[in-house]
Structures are given as structure tokens and as C-alpha cells.
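To keep things clear, I will list the structure first and then write my remarks on it.
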2 protein chains.
Amino acid sequence: MSMTQHEVRRGAYYDSIVLMQLQKALAELEGVLDAGVVMATPANRDVLDAAGFAVEAIDARPDDLLIMVKAESEGAASAALAQVDELLKRRQGSGDMTYRPASLDAAARQLPHARWTLISVPGRYAAAVARQALALNTHVFLYSDNVSLEDEIDLKRRARDAGLLVMGPDCGTAIINGVGLGFANRVRRGGIGIVAASGTGLQAVSSGVHNLGGGVSQAFGTGGRDLKADVGGLSALQALDLLRRDPATEVIVLVSKPPAPSVATRLLRAARECEKLVIVNLLGYAPPARRTDTLHFALNLHDAAELAVTLQAETRPEKPAPGREVSGYVRGLFSGGTLAYEALLGLQPFLAPLYSNAPVTPEQKLVDSFASQAHTILDLGEDQFTQGRLHPMMDNDLRLRRLRTEAGDAAVGTLLLDVVLGEGAHPDPAGELAPALAEAKAARPELDVVVVVVGTDADPQVLDEQAAQFTHAGAHVYPTVTDAVRHIVRRLPRESAALAHPLSLDDFGSDLAAINVGLESFHASLIEQGAQSIQVDWRPPAGGNERLAGILARLG
Amino acid sequence: MSMTQHEVRRGAYYDSIVLMQLQKALAELEGVLDAGVVMATPANRDVLDAAGFAVEAIDARPDDLLIMVKAESEGAASAALAQVDELLKRRQGSGDMTYRPASLDAAARQLPHARWTLISVPGRYAAAVARQALALNTHVFLYSDNVSLEDEIDLKRRARDAGLLVMGPDCGTAIINGVGLGFANRVRRGGIGIVAASGTGLQAVSSGVHNLGGGVSQAFGTGGRDLKADVGGLSALQALDLLRRDPATEVIVLVSKPPAPSVATRLLRAARECEKLVIVNLLGYAPPARRTDTLHFALNLHDAAELAVTLQAETRPEKPAPGREVSGYVRGLFSGGTLAYEALLGLQPFLAPLYSNAPVTPEQKLVDSFASQAHTILDLGEDQFTQGRLHPMMDNDLRLRRLRTEAGDAAVGTLLLDVVLGEGAHPDPAGELAPALAEAKAARPELDVVVVVVGTDADPQVLDEQAAQFTHAGAHVYPTVTDAVRHIVRRLPRESAALAHPLSLDDFGSDLAAINVGLESFHASLIEQGAQSIQVDWRPPAGGNERLAGILARLG
């Protein structure tokens, strides 16, 4: 038989470490079976409920502290609760006795060359603290979670316009100038830079790099929401730009969960501008190839680490060939559905907007199959085109008509076709298609024409002769869609990647000085690693009493 | 100045090759600028419209033949239309004069050992013809598209219950006993079997295999809809089962666009039962690793061909270790969000149903984060768990409680945990977690416990000592999620893959005899390849007049 007692402290703020330690101390008291010490949020009430505490009837709000004790007897439970103040006092006395500034301003005066502020206060206070940190001209490592998307966007825009970086909210980890911020593995320094919208992604890759003998130049967490469409990858783009310019970084690893498609395109194009090799692992995002231009696609976190170390070790990593740049839209006219699909998958990281009558994502859906929009990949073998009509592998009429339309469109820069040979197919597709392509090239020599020819040397059409006809017509001929996609991506114009307010390289070298607001363990870790850190003795406005804080805010 | 004239033939049926040839013949006549000869479907009217023919006002239904001629003068246009019957007759006279059976029954009597029927009649007639072919106990290669999903399901179920195979509808290609059906490249015979819910996917892979020096045993198209949830991969499962038993097949390639998740799981589990190496390329589906158990994941079609040839060439491909089988649910308790996500991605091809509080797909969403369902991967670092509470990398309390709950659930077979070391993290996570795991193992020795430890030899917790504590507690310790997933998948029970009515191996050897209904070019191609084929002189019911066909159907 067990007895449970509880106590609610209204609007009380305690550091979560204090709460954890109080819970442990209570649970260790004589006669106590279990204890729970939590801010009374719905999730925390569920945790207590799952642990067998009867919480349902307890009147407590999310900003109230709820202390519950399950004990062998009524007496033991009361005795435990009676010790709460004593236990809290004991804990507070255990900290070091150094003077601690009570505000960010004071901390900044004490450590004027601090370029970083680490913030791990509860989410509802975090954005205000981060704004102060930016006003003090420091970069921000924002560990706190439960921060609104609006605040994130506001903070990141402020930072960008000031040439500052905000990592987070909900950024668990970074390695800056060899010093781990938040959760971070101890890794050797080296030539591999990391940008990760994924905390444990960064940790797994940096650990993997170290364990494989490599080292890390800088590793930036961005917070998991950075690659959402609303945020637009602001932090990731700044970090990529820094690593691009950083002479200590030789190869770059880019890790995240699947980003919004529009952000993925922007990010991968920026990665391509780097002119350094970039290893990309967007988890859950199907890589179109092992490599496209300077981008190497990894299958998982360990694969990313391995690729980074291997590529960095190559004495002279292959740089992109300068080559001709091709402007204008890409229009693909396919007879093979799967080949069209493979082209879409291969091009969608780089081309936006991209449309198709057989789209991969709903937003790619072409409104009218008879009118291309922007970049378009058409599958001319779709059911709608083949009712009472031969398949385009047998009858080139439909494709020839469309080809002439596309070639005549001045906005088109590249024509992409597949030609599938073999039994059952047209006896001489090149005989009909190549002259039309030659005509198009004659009218517009700048047009890039790419043809994928699928077949074997045993096929009735004779593979080599078909390919030769296309080459003669001025087309680039490849045996696979993957090769054709690589050709097209290599020729995409490289836009200037320069940001209006780039991060200063001066902040990224060998030393780190930071202001820490929130979890003391982060401060201790910085000191332990030989960095400079100053802990702010932060308290929430009005001691955490939200009603009082509201009144104060209205007054002031 | 050009003049256009047209003619509509009500409810007239013509083979699409005839239509193509008539259009070409008209376009080549003196004074004719362009011609269009199509069944008047909406899409075909759009094609004519895009080609500059004024079709809008023309009264014609989808089963009417529409003939349009654009000419230099009214006279030339009329003259062209006047020749239509003559041109059609000339075409019909050009066929060979062999006797042709007018029905499938007659054809089957003429070629009684025919095991295959190829069907390429217009979609609205195709299902009825296929039912006849199944009734004659032949496998069906169903090229026709525009066949309803209901018909597809009905045909495939009939076939399955009779030990017969239906490839298609909309199946463009197959290679059976060395003979290409429909569109097919000429490739060497060899030890690589292919199953493809993707026509050009099959062609690209079989061509790639040949061009790399390999050869194909059997290659099955299934039609693109076979892997939709409603169809459930019926044909793909039959084909996989055949290749599993076929002594001539050494490795298997499985290609498709991304299947319905439920079908993907069933198919990949079946692929794993094969105990042959299976190369998987589900286009657009992110491969979790280069390899999991006997499955090798390819990035694109060419990669699939290359892997198949390479693996087949290995003198002794690595067979799965027998190993212990672990039954029961997998429950993952993660502190790292990205690691949880990677585990989900890695396990979802094999475990269903699979749930998470941080799901990859909406159907994986866990109803209540505090109650696991079936296979469950939990991210305990999600925002809801960290309000006013330390992150689970720092505070093990929440995870320890949940771990005891899961271990006590008799339906659970495997516990999966991550432990992330480094700065900022708990100073000795194994010190708290390993005893709880040891306790769980003591109570239920059959429980499989898998721990991923992420860290470096420089981390403050000392990687090796942490790992040793977990090993000592009876856990399997791995450095990456990919390794842990591989461990779990290897131990999944292998269910019997036997079908109730398997395809007979007798039909898959060196000869092929087929009945062809529809496109004559397919018949010609079979003969050309040395196979036996008989062309049915097929006509639609009531000569293609739908109203009349309806009346006849009601009468008969």
C-alpha cells in the first residue's frame, strides 16, 4: 500500500537541473517509493500519470511547479514534502561562489570580446534574451526549444542583416573554433566543415569523421526548422557561405531532414556555388545519384562521414570543369515514363519551378499537358496521349510536333529527349528525330540538346548508329538519364553566392569567448574545453510569475 | 493561305498502326500541308488543336474516327479525303496472306502449347480479352492501357488463383525465356532476374546489364499500378517467387516507382525471403543504406544494373547468416531526433505497422506518445517532453521509466536505444541505463537489446567504457543506427514465402509460344526472335460501334 502527497508552487521558476536534482533527492529519502518534480505542463502531467501518480484532479497550471511524492506511509510522504525547501537550499549553496553578472549587458561589459551568446532559458523567455544578445552584436547559439516560428524568423532576419548568426532555436550542438557548444563530441580539428539542421545528425557525422581519422573545421547547427519554407534556410545559407570562404575548410557536409522543396533547391544551388565538394545527406530524400557536379549524395549519416573523409583525403579533389553555361528552361520530352521520372528526380534538387504531367510532388503538376511551364519534363507515354494512338516509342509524330514547339520558344535553353531502342520500338527513331533536332540547332545554335539512348549492341536499330545520328545533329548523347542530368546540372549558370552581410571570417579561428544564459553545465563545459565563458545569473521577469510579468510589461 | 477539311466516321475501329499509316499517307499527298487521323478522344483533339487544326466545333465522340486534312487549296483537301478508302484498302492488302484465326479459342487450338497471350487491343476491350486468355490457361502480357483498376484487380486475382501471371495492364515490356515481349532490348541470357513495375526501368536495367557484360534470366514487367495498395503487388510477388525458385537466376533486381508503403513492406520482406541477393531500386524512395541484410539498395537504374553485374560476378555472394530470429515488436527509445528518424527510415521497409511521435509519413503518427503501438520509434527529445525538463541526453529519468514499461510488455521483442556522448551530455549514461537493461534481460532473456553509442575516444564519458557497460548488460552495441537497423532486420523471422498456386517452373526455360491479339508488330517481333506466335484477326464487338455492342451484349 502506498500513499501519495503533492504540493503546487504557483508561478515558480526553477532551472530544470534544480528540478531534476530535487526529484532525485526526494526519491532517495527514507520510505519514499517515487517522486516527480515538474513544471505542470500537459506532457509532464502525462509523464506522472504514466508513472502511476494520480494527477488528474490536481489544480496546477503549466507555469506552476508540481511536486509529487509516493511513499510507504502518509507520514513518510509528508516528511519528504516538508524537506523540499531545505533540499532546494542545499542545492543552491553547492554552486561556485564566483561573482555572476545579473544581466547580459553586464556580462558583455565583463567579457567585451565575447562573440557568442549561448541561450538555454525556458522557451517562453528565449526570444527576448536572443534579441538582447543580437543587440550586443554577438552570434547566438539558441538551445531553448518551444520558441515560436515567428520569433525564429524575426531573430534570423535581424541576425542576417547584421552579419550575425543565430543557430536554433532547438539547436543542440555546434563546434566553433574547436569548442563544442551545447551537446558536442570532442573531435579533432581538420578540414571538414558541417552544416546541420539536425542535432544528432551533426554529432553522428562529426564523431564519424573523428573516428575515421578526419577532423572538423567548423560545425554549425541551425535548428530543425531552419529549412522549412517560412524560414527559408537563412542560417544554413549563412553557414554554407562562411565555409565556402573559410580557408581551413576543404570539404563541406550538409545534413538535414528533408527540407521544403523550395528551400532544398536554394540550398543545393548554394552548395554548388561553393566550388568545394559538398557531401549532402537530406535524410529521407532520395539521392538521384552518388554524385551530381560537385555534390556527393550520402545515404545515411555514417556514409556522409565516410565520404567526407575519403574525399578530403584525395590529394586533389576534382574541381568542376569551367564549361559552357546554358541559360533558359529545360524541356524534357520523354517516351519512357520511368526515364521521365528519373529525370525529374535528378533535376528537382536544382531546377525550380519544375513541372510535369507525371509529377513527383503535387506542386509540380503541369496545368495543361499541351503547354509547358518554366522547366518541364513531359511523359508522352502517359495514358492520355495513347488512346487510339501508338506509343511514342513506335510513332514519333506527337514528339516531333512538340519538339518543334519547344525549340521555337526563346525561353527554352535545353531540350532533353530519351530514345528507347529494342524489339517493338520504331525501326529508326533517329532517322525521324535527329533531322528535327538538327533543324532546331541550325535555327538556334545556343540551344543545348541532350539525348539519352537506351539500348544494346544487339538491338535491331543498332545502338551506335542511332547515337551517331544524334551526335551528328549536334546533340549530346548519353547512355543513362543520370549522365544526362549531370550534363545539364554542370551547365547551370553559377549565380553569385555573396551575401549582403556575410559573417566575418575573423570570428572563426582558434579562440572562443561566450556569454552563457541558462544551463550552467554548458558554461562549465566551455571552461573545461579551455574557452572563455561568463555565466549570467539569469532570472525570468517577475520571478517566473506570468501574471505579475504581464502587469510589469504593461507598466514599463 | 491554307484550307482545312475533315471527315468523321462514327464508331469505327481501326488498329492504331493503320491510323498512323493513313495519317502519313495523307500528309504526303500533293498539296497537303498536314494531316491528323485520330480517335476523337479529348486528348487527341488537344493534340490536333496544338497542331493548328480547328477542332473545337467538330461533333465527334471518343469512339469516332476523325480525319483532318490541311491543304494548300480546298480542292487538294477534298481530293485527299476522297482517297481515304483507297489508302485504307492499300494498307490492308499489304499484310501477309497467312490464315489467321478470328478468335482466341481458334488460335489456342492452332497453337495448343502456347503458354502466353499478348494483348494490345484498345483499353476498353482489353479486360474481356484477358479473361478469355486466362480461361485458356495462358499467362497474359497485357500491353493495353486505359484499363480500369477494378479490372486489373479482378484479372490478377483470377490469375493468381490459377497459378498464372498477368503482366500489366500498361505493361510495355518483358523478357521471357530469352524472348522480348512488347518493347524489349536484345540482351544476353544470364543469371540476373528482373521484376519491374516500370517499363523503361526494365529496359534501362536489362540494357545496362547487357552492356556491362551480364545477362538476364527472366525479366517481368508488372504494369505501373501493380504496387498500388489496391492491387497489393500481386504480380510482383508472383514474379519474385518464381525467380526465387528458378535455378537459372542468381541475383534479382527489383525496380519500381515508390510503392504504397504497405506494399513496399510486403515486397521487401518477400525479397528478403528469397535468400538470393536482391538489388532494390524504388525510384524516389530514399534507400536507408547501401545494404540491409540480403537487400542492396541502388540509387538509380544504371546503379542497379551495375550492382547486379558486380554482385553476380562475386564468386560466392555473401548469404545471410542463419542467426537467431527475434519475434515481437521493436520499441525504440531515442534521445536524438535525427537518430530516431534514421531508425524509422531504416526500419520502415521491413516493419509494419510502424509508429512514431516524429513520423516520416502521416500514417505512422502515434496516437498517444505515452503508449506504444505495434513497432514504435520514440523521440524523447521532442518539444512536448522537454518543457521545464532537461533533455534526455542529460536526464535519463523519462527514458528509464519508459524502458521498464516496454521491457515489461510481453509483446515486445527488441529494445533499441541511442546513447549520445560528448560535452553537455550526461556524465555516465551507461551507469544509469545499463543496469535497467540488465534487469530487463534477467527477467526476459529472449529480449533483444540493441544500443547505438555515438561518440569519440576523446569524449569525457570514454566511449569504450560506456560501450562495455552496455555489452556487459547483454546489449548488442553498434556505432551507427545503420548497423543497428541491419542487426534488427537480420533477426526478423523469415516467413514462408510459398504461394498457394505458384507459377510453374516448366513455363520458364528456353522456348516461347504465344498468341498475339492486337498490334501486329509484336507478332512480327516474336517471329523475328525465333519464338512461335500466332496472330489473332481480332475485331471489336460490333465492329467498334459501342451502341450496337451494348445492344448485342444485352441480347446475348
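A note on labels: chains of the C-alpha cells are A, B, ... as shown, every chain counts residues from 1, and ligands are counted from 1 in their shown order.
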**Item:** Shell around range 335-352 of chain A at 7 Å using only C-alpha atoms, local window under 4 positions removed, as a VMD selection string
**Value:** (chain A and resid 264 to 265 268 to 269 288 377 to 381 392 to 393 418 481 485) or (chain B and resid 198 to 201 284)
For the interface of chain A with chain B (cut-off 6 Å, counting only C-alpha atoms), please tabulate each contacting residue of chain A alongside its nearest pair of atoms and their separation in Å to one decimal, rows sorted by chain and increasing number, as a tab-separated table.
```
residue	atom	partner	partner_atom	distance
A:Ser16	CA	B:Arg389	CA	5.3
A:Met39	CA	B:Gly388	CA	5.4
A:Ala43	CA	B:Gln384	CA	5.9
A:Gly182	CA	B:Gly424	CA	5.4
A:Phe183	CA	B:Gly424	CA	4.5
A:Ala184	CA	B:Glu423	CA	4.9
A:Asn185	CA	B:Gly422	CA	4.0
A:Arg186	CA	B:Asp459	CA	5.1
A:Thr200	CA	B:Gly336	CA	5.4
A:Gly201	CA	B:Thr338	CA	5.6
A:Ser207	CA	B:Gly455	CA	5.5
A:Gly284	CA	B:Ala286	CA	5.1
A:Tyr285	CA	B:Ala286	CA	5.4
A:Ala286	CA	B:Ala286	CA	3.9
A:Ala289	CA	B:Leu299	CA	5.7
A:Leu299	CA	B:Ala289	CA	5.7
A:Gly336	CA	B:Thr200	CA	5.4
A:Thr338	CA	B:Thr200	CA	5.5
A:Gln384	CA	B:Ala43	CA	5.8
A:Gly388	CA	B:Met39	CA	5.4
A:Arg389	CA	B:Ser16	CA	5.3
A:Leu390	CA	B:Ser16	CA	5.7
A:Gly422	CA	B:Asn185	CA	4.0
A:Glu423	CA	B:Ala184	CA	4.9
A:Gly424	CA	B:Phe183	CA	4.5
A:Ala425	CA	B:Phe183	CA	5.8
A:Gly455	CA	B:Ser207	CA	5.5
A:Thr456	CA	B:Ser207	CA	5.6
A:Ala458	CA	B:Arg186	CA	5.5
A:Asp459	CA	B:Arg186	CA	5.2
A:Phe522	CA	B:Gly424	CA	6.0
```
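For the pair CA of Val449 in chain A and CA of Glu275 in chain A, the separation is 25.6 Å.
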**Message:** Which residues are close to Val517 in chain A, i.e. within 6 Å by only C-alpha atoms, leaving aside same-chain residues fewer than 3 positions away? Reply as a PyMOL selection string.
**Reply:** chain A and resi 118-119+536
Sel. of strand (DSSP E or B) residues, range 255-416 of chain A, as a PDB file with C-alpha atoms, in the first residue's frame:
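Produced file selection21.pdb, reproduced below:
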```pdb
ATOM      1  CA  VAL A 255      22.885  17.256 -43.224  1.00  0.00           C
ATOM      2  CA  SER A 256      19.185  17.645 -42.537  1.00  0.00           C
ATOM      3  CA  LEU A 277      32.945  19.386 -52.745  1.00  0.00           C
ATOM      4  CA  VAL A 278      29.755  19.191 -50.694  1.00  0.00           C
ATOM      5  CA  ILE A 279      28.505  15.918 -49.237  1.00  0.00           C
ATOM      6  CA  VAL A 280      24.730  16.056 -48.977  1.00  0.00           C
ATOM      7  CA  ASN A 281      22.594  13.878 -46.726  1.00  0.00           C
ATOM      8  CA  LEU A 282      18.995  15.042 -46.648  1.00  0.00           C
ATOM      9  CA  ARG A 291      27.313  12.449 -57.439  1.00  0.00           C
ATOM     10  CA  THR A 292      25.991  15.377 -59.463  1.00  0.00           C
ATOM     11  CA  LEU A 295      27.620  17.471 -54.883  1.00  0.00           C
ATOM     12  CA  HIS A 296      28.053  13.998 -53.463  1.00  0.00           C
ATOM     13  CA  PHE A 297      24.914  12.373 -52.091  1.00  0.00           C
ATOM     14  CA  TYR A 329      14.374  26.482 -69.362  1.00  0.00           C
ATOM     15  CA  VAL A 330      14.897  22.761 -69.600  1.00  0.00           C
ATOM     16  CA  ARG A 331      12.177  20.921 -71.536  1.00  0.00           C
ATOM     17  CA  GLY A 332      12.223  17.152 -71.435  1.00  0.00           C
ATOM     18  CA  LEU A 333      10.164  15.156 -73.964  1.00  0.00           C
ATOM     19  CA  PHE A 334      10.157  11.527 -72.864  1.00  0.00           C
ATOM     20  CA  LEU A 354       9.812  22.355 -62.313  1.00  0.00           C
ATOM     21  CA  TYR A 355       6.630  20.890 -63.824  1.00  0.00           C
ATOM     22  CA  SER A 356       5.487  17.571 -65.252  1.00  0.00           C
ATOM     23  CA  LYS A 365       1.681  19.170 -61.600  1.00  0.00           C
ATOM     24  CA  HIS A 375      11.216  23.824 -66.564  1.00  0.00           C
ATOM     25  CA  THR A 376       9.023  20.938 -67.761  1.00  0.00           C
ATOM     26  CA  ILE A 377       9.510  17.182 -68.027  1.00  0.00           C
ATOM     27  CA  LEU A 378       6.822  15.534 -70.167  1.00  0.00           C
ATOM     28  CA  ASP A 379       5.977  11.843 -70.249  1.00  0.00           C
ATOM     29  CA  VAL A 412      13.982  27.348 -73.735  1.00  0.00           C
ATOM     30  CA  GLY A 413      17.694  26.656 -73.261  1.00  0.00           C
ATOM     31  CA  THR A 414      17.855  22.882 -73.187  1.00  0.00           C
ATOM     32  CA  LEU A 415      15.948  20.089 -74.942  1.00  0.00           C
ATOM     33  CA  LEU A 416      16.144  16.658 -73.323  1.00  0.00           C
TER      34      LEU A 416
END
```
